[in-house]
Each structure stands twice: as C-alpha cells, then as structure tokens.
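Chemist: This is protein-v2.csv (CSV, C-alpha atoms and all ligand atoms).
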chain,number,residue,atom,x,y,z
V,1,MET,CA,-10.0,4.1,16.2
V,2,PRO,CA,-10.8,6.8,13.6
V,3,ARG,CA,-12.7,9.9,14.8
V,4,ILE,CA,-15.0,9.5,11.8
V,5,ARG,CA,-16.5,6.1,11.2
V,6,HIS,CA,-15.6,5.2,7.7
V,7,GLU,CA,-18.7,3.2,6.9
V,8,HIS,CA,-20.6,6.5,6.6
V,9,THR,CA,-18.8,7.2,3.3
V,10,ARG,CA,-18.0,3.7,2.2
V,11,GLN,CA,-21.4,2.2,1.4
V,12,ARG,CA,-23.0,4.7,-1.0
V,13,GLN,CA,-23.5,3.3,-4.5
V,14,ASP,CA,-24.7,4.9,-7.7
V,15,HIS,CA,-27.4,3.4,-10.0
V,16,SER,CA,-24.9,1.0,-11.5
V,17,GLY,CA,-23.9,-0.4,-8.2
V,18,GLN,CA,-20.6,1.4,-8.2
V,19,ARG,CA,-19.3,2.4,-4.8
V,20,LEU,CA,-19.1,6.1,-4.4
V,21,ARG,CA,-17.3,8.2,-1.8
V,22,ASN,CA,-15.6,11.6,-1.6
V,23,GLU,CA,-11.9,12.0,-1.3
V,24,HIS,CA,-10.4,12.1,2.2
V,25,THR,CA,-7.5,13.6,4.0
V,26,ILE,CA,-6.4,13.4,7.7
V,27,ALA,CA,-7.8,16.0,10.1
V,28,SER,CA,-4.4,16.6,11.8
V,29,SER,CA,-0.7,15.8,11.4
V,30,CYS,CA,0.8,12.6,12.9
V,31,GLU,CA,4.3,11.2,13.3
V,32,VAL,CA,6.0,7.8,13.3
V,33,ARG,CA,9.6,7.2,14.1
V,34,GLY,CA,11.8,4.2,13.7
V,35,ARG,CA,14.7,2.5,11.9
V,36,GLY,CA,14.9,1.1,8.4
V,37,TYR,CA,15.6,-2.6,7.8
V,38,TRP,CA,18.1,-2.1,5.0
V,39,THR,CA,19.9,1.2,5.8
V,40,GLY,CA,19.5,1.0,9.6
V,41,GLN,CA,18.9,4.8,9.6
V,42,GLU,CA,16.7,6.3,12.3
V,43,VAL,CA,14.0,8.3,10.5
V,44,CYS,CA,11.0,10.4,11.4
V,45,VAL,CA,7.9,10.2,9.2
V,46,GLN,CA,5.4,13.1,9.5
V,47,ILE,CA,2.1,12.9,7.7
V,48,HIS,CA,0.1,16.0,7.0
V,49,PRO,CA,-3.3,16.9,5.6
V,50,ALA,CA,-3.3,17.8,1.9
V,51,ALA,CA,-5.7,19.5,-0.6
V,52,ARG,CA,-8.2,17.5,-2.6
V,53,GLY,CA,-7.0,16.1,-5.9
V,54,THR,CA,-3.3,16.2,-4.8
V,55,GLY,CA,-2.9,12.5,-3.9
V,56,VAL,CA,-0.1,11.1,-1.7
V,57,THR,CA,3.2,13.1,-2.0
V,58,LEU,CA,6.4,11.8,-0.4
V,59,VAL,CA,8.9,14.5,0.5
V,60,ARG,CA,12.6,14.1,1.4
V,61,THR,CA,13.1,16.9,4.1
V,62,ASP,CA,16.7,15.8,4.6
V,63,LEU,CA,17.7,16.8,1.1
V,64,MET,CA,18.3,20.3,-0.2
V,65,PRO,CA,15.4,22.1,-1.9
V,66,GLU,CA,15.4,21.9,-5.7
V,67,ASN,CA,15.4,25.1,-7.7
V,68,SER,CA,14.5,27.4,-4.8
V,69,SER,CA,16.3,29.8,-2.5
V,70,ASP,CA,13.6,29.3,0.1
V,71,LYS,CA,14.9,26.4,2.2
V,72,SER,CA,11.4,25.6,3.5
V,73,GLN,CA,10.1,24.9,0.0
V,74,ASN,CA,10.6,22.4,-2.8
V,75,HIS,CA,12.5,19.6,-1.1
V,76,PRO,CA,12.8,16.7,-3.5
V,77,ARG,CA,9.4,15.0,-3.7
V,78,CYS,CA,7.6,12.2,-5.5
V,79,ASN,CA,4.0,11.3,-6.1
V,80,ALA,CA,3.1,7.9,-4.7
V,81,SER,CA,2.4,6.5,-8.1
V,82,VAL,CA,3.4,3.3,-9.9
V,83,THR,CA,4.9,5.5,-12.6
V,84,HIS,CA,7.8,6.2,-10.2
V,85,ARG,CA,8.1,2.6,-9.0
V,86,ILE,CA,11.3,0.7,-9.5
V,87,ASP,CA,11.8,-3.0,-8.9
V,88,ALA,CA,13.8,-3.9,-5.8
V,89,SER,CA,14.5,-7.1,-3.9
V,90,LEU,CA,11.9,-7.8,-1.1
V,91,ARG,CA,10.5,-4.2,-1.1
V,92,THR,CA,8.9,-1.4,-3.1
V,93,ASN,CA,10.9,1.7,-3.9
V,94,LEU,CA,9.9,5.0,-5.6
V,95,VAL,CA,12.2,7.4,-7.4
V,96,SER,CA,11.7,10.8,-8.9
V,97,GLY,CA,14.9,12.7,-9.6
V,98,SER,CA,16.9,12.9,-6.4
V,99,ALA,CA,13.9,11.9,-4.3
V,100,LYS,CA,14.3,8.2,-3.5
V,101,PHE,CA,12.2,6.3,-1.1
V,102,GLN,CA,12.7,2.7,0.0
V,103,MET,CA,10.1,0.2,1.4
V,104,VAL,CA,7.0,2.4,1.0
V,105,GLU,CA,4.6,-0.5,0.8
V,106,HIS,CA,3.6,-0.8,4.5
V,107,LEU,CA,3.0,2.9,4.8
V,108,MET,CA,1.0,2.9,1.5
V,109,ALA,CA,-1.1,-0.1,2.7
V,110,ALA,CA,-2.2,1.9,5.8
V,111,ILE,CA,-2.9,5.1,3.9
V,112,SER,CA,-4.9,3.3,1.2
V,113,ALA,CA,-6.8,0.9,3.5
V,114,LEU,CA,-7.8,3.7,5.7
V,115,GLU,CA,-9.1,5.5,2.6
V,116,ILE,CA,-6.8,8.5,3.0
V,117,ASP,CA,-6.5,9.9,-0.6
V,118,ASN,CA,-4.6,13.1,-0.1
V,119,CYS,CA,-1.6,13.7,2.3
V,120,ILE,CA,1.9,14.9,2.4
V,121,VAL,CA,4.4,12.4,3.9
V,122,GLU,CA,7.7,14.1,5.0
V,123,ILE,CA,10.6,11.8,5.8
V,124,ASP,CA,14.1,12.8,6.8
V,125,GLY,CA,15.8,9.8,5.2
V,126,GLU,CA,15.5,7.4,2.3
V,127,GLU,CA,14.0,4.3,3.9
V,128,MET,CA,10.7,4.1,5.8
V,129,PRO,CA,10.9,2.8,9.3
V,130,ALA,CA,10.5,-1.0,9.6
V,131,LEU,CA,8.9,-0.8,13.1
V,132,ASP,CA,7.8,-4.3,14.1
V,133,GLY,CA,7.6,-5.5,10.5
V,134,SER,CA,3.9,-4.6,10.3
V,135,CYS,CA,2.1,-1.3,9.5
V,136,LEU,CA,0.2,-1.2,12.8
V,137,ALA,CA,2.0,2.0,14.0
V,138,PHE,CA,1.2,3.8,10.8
V,139,ALA,CA,-2.4,2.7,10.9
V,140,GLU,CA,-2.8,3.7,14.5
V,141,ALA,CA,-1.2,7.1,14.0
V,142,LEU,CA,-3.4,7.8,10.9
V,143,SER,CA,-6.5,6.6,12.7
V,144,HIS,CA,-5.9,8.9,15.6
V,145,ALA,CA,-5.2,11.8,13.3
V,146,GLY,CA,-8.9,11.7,12.2
V,147,LEU,CA,-10.5,12.0,8.8
V,148,ILE,CA,-11.8,14.9,6.8
V,149,ILE,CA,-14.3,14.2,3.9
V,150,GLN,CA,-13.3,16.5,1.0
V,151,ALA,CA,-15.5,18.1,-1.6
V,152,SER,CA,-14.4,15.9,-4.6
V,153,PRO,CA,-15.6,12.5,-5.6
V,154,LYS,CA,-12.9,9.8,-5.4
V,155,LYS,CA,-12.0,8.3,-8.7
V,156,ALA,CA,-13.0,4.7,-8.8
V,157,LEU,CA,-11.9,1.9,-11.1
V,158,VAL,CA,-14.6,-0.7,-11.5
V,159,ILE,CA,-13.2,-3.9,-12.9
V,160,ARG,CA,-15.5,-5.1,-15.7
V,161,ASP,CA,-13.3,-7.9,-17.2
V,162,ARG,CA,-10.9,-10.4,-15.7
V,163,LEU,CA,-7.4,-9.1,-15.7
V,164,ARG,CA,-4.4,-11.4,-14.9
V,165,VAL,CA,-0.6,-11.0,-14.6
V,166,GLY,CA,2.0,-13.7,-13.9
V,167,SER,CA,2.6,-17.3,-14.9
V,168,PRO,CA,1.1,-20.7,-13.8
V,169,THR,CA,3.6,-20.8,-10.9
V,170,GLY,CA,2.7,-17.3,-9.5
V,171,TRP,CA,-0.1,-15.0,-10.6
V,172,ILE,CA,-2.5,-12.3,-9.5
V,173,GLU,CA,-5.9,-11.8,-11.1
V,174,VAL,CA,-8.8,-9.5,-10.5
V,175,VAL,CA,-12.4,-10.2,-11.5
V,176,PRO,CA,-15.6,-8.0,-11.4
V,177,SER,CA,-17.5,-7.8,-8.1
V,178,ASN,CA,-21.2,-8.0,-8.2
V,179,LYS,CA,-21.5,-6.5,-4.7
V,180,GLY,CA,-19.5,-3.4,-5.3
V,181,GLU,CA,-16.7,-4.4,-2.8
V,182,LEU,CA,-12.9,-4.6,-2.8
V,183,PHE,CA,-11.9,-8.2,-1.9
V,184,PHE,CA,-8.5,-9.8,-1.5
V,185,GLU,CA,-7.5,-13.5,-1.3
V,186,TYR,CA,-3.9,-14.5,-0.9
V,187,GLN,CA,-2.7,-18.1,-1.4
V,188,LEU,CA,0.8,-18.7,-0.1
V,189,GLY,CA,3.0,-21.7,-0.9
V,190,PHE,CA,6.7,-22.3,-1.6
V,191,ASP,CA,8.4,-24.8,-3.9
V,192,ASP,CA,11.5,-25.4,-1.8
V,193,ASP,CA,11.9,-27.1,1.5
V,194,THR,CA,10.6,-24.3,3.8
V,195,PRO,CA,9.4,-24.2,7.4
V,196,ILE,CA,6.5,-21.9,6.3
V,197,LYS,CA,3.4,-24.1,5.7
V,198,ALA,CA,0.9,-23.5,2.8
V,199,GLN,CA,-1.8,-21.0,4.0
V,200,SER,CA,-4.3,-18.5,2.8
V,201,PHE,CA,-6.2,-15.4,3.9
V,202,SER,CA,-9.1,-13.5,2.5
V,203,ILE,CA,-10.8,-10.3,3.4
V,204,GLU,CA,-13.5,-7.9,2.1
V,205,LEU,CA,-11.6,-4.8,2.8
V,206,THR,CA,-12.9,-2.0,5.0
V,207,PRO,CA,-10.8,0.3,7.2
V,208,ASP,CA,-12.0,-1.4,10.4
V,209,ARG,CA,-11.3,-4.9,9.2
V,210,PHE,CA,-7.9,-3.9,7.9
V,211,ILE,CA,-6.9,-2.6,11.3
V,212,ARG,CA,-8.2,-5.7,13.1
V,213,GLU,CA,-7.1,-8.4,10.7
V,214,VAL,CA,-4.2,-7.2,8.5
V,215,ALA,CA,-2.3,-4.1,9.9
V,216,SER,CA,-0.4,-6.1,12.6
V,217,ALA,CA,0.7,-8.9,10.3
V,218,ARG,CA,4.5,-8.8,10.1
V,219,THR,CA,7.2,-9.2,7.5
V,220,PHE,CA,8.7,-12.6,7.5
V,221,VAL,CA,11.8,-14.4,6.3
V,222,THR,CA,13.0,-18.0,6.7
V,223,GLU,CA,16.0,-18.6,9.0
V,224,SER,CA,18.1,-19.5,5.9
V,225,GLN,CA,17.1,-16.3,4.1
V,226,ALA,CA,18.0,-14.3,7.2
V,227,CYS,CA,21.4,-15.9,7.3
V,228,LYS,CA,22.0,-15.1,3.7
V,229,ILE,CA,20.9,-11.4,4.1
V,230,ARG,CA,23.1,-11.0,7.2
V,231,ALA,CA,26.1,-12.8,5.6
V,232,SER,CA,25.9,-10.3,2.7
V,233,GLY,CA,26.4,-7.5,5.3
V,234,LEU,CA,22.8,-6.2,5.3
V,235,ALA,CA,20.3,-5.8,8.1
V,236,GLY,CA,22.9,-6.8,10.8
V,237,HIS,CA,21.2,-4.4,13.2
V,238,VAL,CA,17.8,-6.1,12.8
V,239,SER,CA,16.9,-8.5,15.7
V,240,ASN,CA,14.7,-11.5,15.5
V,241,THR,CA,12.0,-9.6,17.3
V,242,GLU,CA,11.7,-6.9,14.7
V,243,LEU,CA,10.2,-9.2,12.1
V,244,LEU,CA,9.4,-13.0,11.9
V,245,VAL,CA,12.4,-15.1,11.3
V,246,ILE,CA,10.9,-18.6,10.8
V,247,GLY,CA,12.9,-21.7,11.6
V,248,ASP,CA,11.9,-25.4,11.7
V,249,SER,CA,10.0,-24.9,14.9
V,250,GLY,CA,8.3,-21.7,14.0
V,251,PRO,CA,9.3,-18.0,14.7
V,252,ILE,CA,12.7,-17.7,16.4
V,253,ASP,CA,12.6,-15.5,19.6
V,254,ASN,CA,9.0,-14.6,18.6
V,255,GLU,CA,5.4,-15.9,18.2
V,256,TYR,CA,2.8,-15.7,15.5
V,257,ARG,CA,0.1,-13.2,16.0
V,258,PHE,CA,-2.2,-15.2,13.7
V,259,SER,CA,-1.7,-18.8,12.5
V,260,ASN,CA,-1.7,-17.5,8.9
V,261,GLU,CA,0.2,-14.3,9.7
V,262,CYS,CA,2.5,-14.8,6.6
V,263,ALA,CA,-0.5,-14.8,4.2
V,264,ARG,CA,-2.0,-11.8,6.0
V,265,HIS,CA,1.3,-9.9,5.6
V,266,LYS,CA,1.4,-10.8,1.9
V,267,THR,CA,-2.1,-9.3,1.6
V,268,LEU,CA,-0.8,-6.2,3.4
V,269,ASP,CA,2.0,-5.9,0.8
V,270,LEU,CA,-0.5,-6.4,-2.1
V,271,ILE,CA,-2.8,-3.6,-0.7
V,272,GLY,CA,0.2,-1.3,-0.4
V,273,ASP,CA,1.6,-2.0,-3.8
V,274,LEU,CA,-1.8,-1.7,-5.5
V,275,ALA,CA,-2.3,1.7,-3.8
V,276,LEU,CA,0.3,3.1,-6.3
V,277,ALA,CA,-2.3,2.7,-9.0
V,278,GLY,CA,-3.9,5.8,-7.4
V,279,VAL,CA,-7.6,4.8,-7.7
V,280,GLU,CA,-10.3,3.3,-5.6
V,281,ILE,CA,-10.8,-0.2,-7.0
V,282,VAL,CA,-14.0,-2.2,-7.1
V,283,GLY,CA,-13.1,-5.9,-7.8
V,284,ARG,CA,-12.1,-9.2,-6.4
V,285,PHE,CA,-8.3,-10.0,-6.3
V,286,THR,CA,-6.7,-13.3,-5.9
V,287,SER,CA,-2.9,-13.6,-5.6
V,288,TYR,CA,-1.3,-17.1,-5.9
V,289,ARG,CA,2.2,-16.8,-4.6
V,290,GLY,CA,2.5,-13.2,-5.7
V,291,GLY,CA,5.2,-10.8,-4.4
V,292,HIS,CA,6.3,-7.2,-5.0
V,293,ILE,CA,7.2,-7.8,-8.7
V,294,LEU,CA,3.8,-9.2,-9.6
V,295,ASN,CA,2.1,-6.6,-7.4
V,296,GLY,CA,3.9,-3.9,-9.4
V,297,ALA,CA,2.8,-5.5,-12.7
V,298,MET,CA,-0.8,-5.5,-11.5
V,299,ALA,CA,-0.6,-1.9,-10.3
V,300,ASN,CA,0.7,-0.9,-13.7
V,301,ALA,CA,-2.1,-2.7,-15.4
V,302,LEU,CA,-4.7,-1.1,-13.1
V,303,PHE,CA,-3.1,2.4,-13.7
V,304,ASP,CA,-3.4,1.9,-17.5
V,305,LEU,CA,-6.9,0.6,-17.2
V,306,ALA,CA,-8.0,3.6,-15.1
V,307,GLN,CA,-6.5,6.0,-17.7
V,308,THR,CA,-8.4,4.1,-20.5
V,309,GLN,CA,-11.7,4.2,-18.6
V,310,GLN,CA,-11.4,7.9,-17.9
V,311,THR,CA,-10.6,8.6,-21.5
V,312,GLN,CA,-13.7,6.5,-22.6
V,313,SER,CA,-15.8,8.3,-20.0
V,314,ARG,CA,-14.7,11.7,-21.2
V,315,THR,CA,-15.4,10.7,-24.9
V,316,THR,CA,-18.9,9.4,-24.0
V,317,LYS,CA,-19.7,12.6,-22.1
V,318,LEU,CA,-18.5,14.7,-25.0
V,319,GLN,CA,-20.6,12.6,-27.5
V,320,SER,CA,-23.7,12.9,-25.4
V,321,PHE,CA,-23.1,16.7,-25.0
V,322,ARG,CA,-22.8,17.0,-28.8
V,323,ARG,CA,-26.0,15.0,-29.3
V,324,THR,CA,-27.9,17.3,-26.9
V,325,ALA,CA,-26.3,20.5,-28.1
Q,1,ZN,ZN,5.9,-6.3,3.7
Could I get this structure in the form of structure tokens?
Modeler:
Amino acid sequence: MPRIRHEHTRQRQDHSGQRLRNEHTIASSCEVRGRGYWTGQEVCVQIHPAARGTGVTLVRTDLMPENSSDKSQNHPRCNASVTHRIDASLRTNLVSGSAKFQMVEHLMAAISALEIDNCIVEIDGEEMPALDGSCLAFAEALSHAGLIIQASPKKALVIRDRLRVGSPTGWIEVVPSNKGELFFEYQLGFDDDTPIKAQSFSIELTPDRFIREVASARTFVTESQACKIRASGLAGHVSNTELLVIGDSGPIDNEYRFSNECARHKTLDLIGDLALAGVEIVGRFTSYRGGHILNGAMANALFDLAQTQQTQSRTTKLQSFRRTA
C-alpha cells in the first residue's frame, strides 16, 4: 500500500465545496515488465518522478533522440493528453511525431486513480505490457514507489452542468456532484447473443478503493471475438490465462475474480481514458455500454470544458483586479 495515505490530501474542500489537493509525483522510480497483446513485444516500463506542472510524459527510449547529439536526451516523447489520442480498435493509442504508444489506458488508469499527476514513463517499445489483462501490477508498483506532495495546487474541473456524449444505444454522461466526489457507474449489456450477462458496477473513487475493487479486473473478450482476432493473425501468443476469454460456461481456462469483473474492467478503461483530459474531476459519471471511442469523446469534451473554465476564471480574476485597482 502507498507509503503516504492518500486520504490526507483527498478530503480538503474550499468554501464552495470543491475538493482541493496539491499535485503529486512518486517518491522513487519503479518498473514493470511484460509483453504487449497486439505486438507480442517484451517491453520494460520505467516510471520516474517528475517536476510539478509537467504532467505525465511518455518516452520511447528505444527510438533515436530527436534533434540532439546527446543520445541520453530528447528521445521521442508525448504528453499523456487527449490531444494526442487516436482512435484504435479495442485500445487507446497516443501519437506525437515518431512517438507512438499503444494501449495506454490501463497504465493511465493506475496513474490517475492513485492521484499521480507528474511522472515520466520510459518504455522501450510501442505497446504497453498486457500483464494479466488488468492494471494491478502498475498500481502495486506505483503504490510501493510512494507519493510526494508537491507545492502546486492540482487543477480541478468541477462539473456544473450535465454533459453527455453518445447515442441512445450507448452513452456516457457526467452530472454535478453535491458531495465533491468523483463517482463512476458502468452499465454493461450487449445486443447480440453473448455469454457475458448484463451487469453493472459503481464506485466513489479513492486510491484505496481503486486498488481493492478495480485494479485487478481484467480485459475480456468472448470466445468468438478471440477466434476472429487469432484468425486475423493477431495475438496468437496470448493464452487464455492472460485475459478473460469468455465462453458459454464462463471464462475458459480461467475464473472470474468478481462476478461483475467485466463491468469493473470497463470502469478501469473509463478511468484511464478520462485521465487524458489532464484534470482532477469532481462529478458523477454514468457509462451505458461505453467503450474507448465514447470514452475518448468524453475526455475531449472534459478537456475543452477545463480550458473554458480556466479562461473564465482568469477573466473573472482580471475583472476583479481591475475593479480593485
Ligand atoms: Zn482495458
């Protein structure tokens, strides 16, 4: 568990009920190794502390430095921001120039839910390790690295009006919270004949609850989806124990960790994808059959809203300064 209990910084509120905390980074570097689902490549992910205000930076240490004769500097890199997000099937990818990163959502979920705002993530390949299909190894490594409270307030986006993306068959919405919390509910259901039963999961997110209730929920596919992916020549190296392959009688060569593990994993994906908005959010989210594409649309909307609120706040401060000057 984390060396610093997160609750100490989590519960402070200002006079408007808005949750306040300072930015955080990790106290020491940590490392996770594994193989990507799609590329099959063995990679090493090293996560290092970073200065306040710098956010999460992903670095491709296997690629030659850009515009530098110093080989230790300027490897291609990308801020973990929705502005660099590109749509991809069944995962979230980021691209900035030659710096490409595949399947960042599980790592981002762990970083975001553990309230780590600033860090440098070095990876010697394109795709994040799949591990057991969950983000538990990332969450444990980051937890053991410890937390440093930095001398800058974390930017927060307080949802004041309902915001919704999607269509009647699949949508995500966020509404204001009157308790100052970040809350998620995921409702899972499929149209077609599928062995995955309708299920839901909800959580008022804290770092401790994320580790206990979400971090170990694994990626899942149906048996027919797995057959199609393997028939197309992808993921042939991935065994049934490296994710949940769900057949008519449940997981094949595997067991559920929770009866609603699929809804929990969808919540994990949502948390990771929304982390790309780059702000601490106060609001209550509901996702009805949402996936990466809708998560990305919501992250974009939150990013835009945060820019607007910051501009309005700057304008209000300037007007008040002019009135008093
Ligand atoms: Zn996932």
Chemist: Kindly provide, as a list in words, all nucleotide and amino acid residues lying within 8 Å of ligand ZN 1 (chain Q), counting all atoms listed in the file.
Modeler: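 The neighbouring residues of ligand ZN 1 (chain Q) are, in order, Leu90, Arg91, Glu105, His106, Gly133, Ser134, Arg218, Thr219, Phe220, His265, Lys266, Leu268 and Asp269 of chain V.
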Chemist: For Ser152 (chain V), which residue out of V:Asn118, V:Asn74, V:Thr169, V:Thr61 is the nearest one, using only C-alpha atoms?
Modeler: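 Selected residue with least distance to Ser152 (chain V): V:Asn118.
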Chemist: Write out as a ChimeraX atom specification which residues come within 12 Å of region 199-206 of chain V when counting all atoms listed in the file, dropping same-chain ones fewer than 6 positions away.
Modeler: /V:5-11,109-110,112-115,177,179-190,212-215,217,258-268,271,280-289
Chemist: Determine the nearest neighbour of Asp117 (chain V) from the options V:Ser29, V:Thr57, V:Asn240, V:Gln312, counting all atoms listed in the file.
Modeler: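 Distance minimum relative to Asp117 (chain V) lands on V:Thr57.
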Chemist: At what distance in Å, to one decimal, does CA of Ala80 (chain V) lie from CA of Leu276 (chain V)?
Modeler: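 Taking CA of Leu276 (chain V) as the start and CA of Ala80 (chain V) as the end point, the length is 5.8 Å.
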Chemist: Could you check the closest approach to Gln41 (chain V) for each of V:Asp87, V:Leu270, V:Leu305, V:Pro129 and tell me which residue wins, using all atoms listed in the file?
Modeler: V:Pro129
Chemist: Measuring atom to atom with only C-alpha atoms, identify which of V:Ile123, V:Leu131, V:Ala151, V:Ile196 is nearest to Gly40 (chain V).
Modeler: V:Leu131
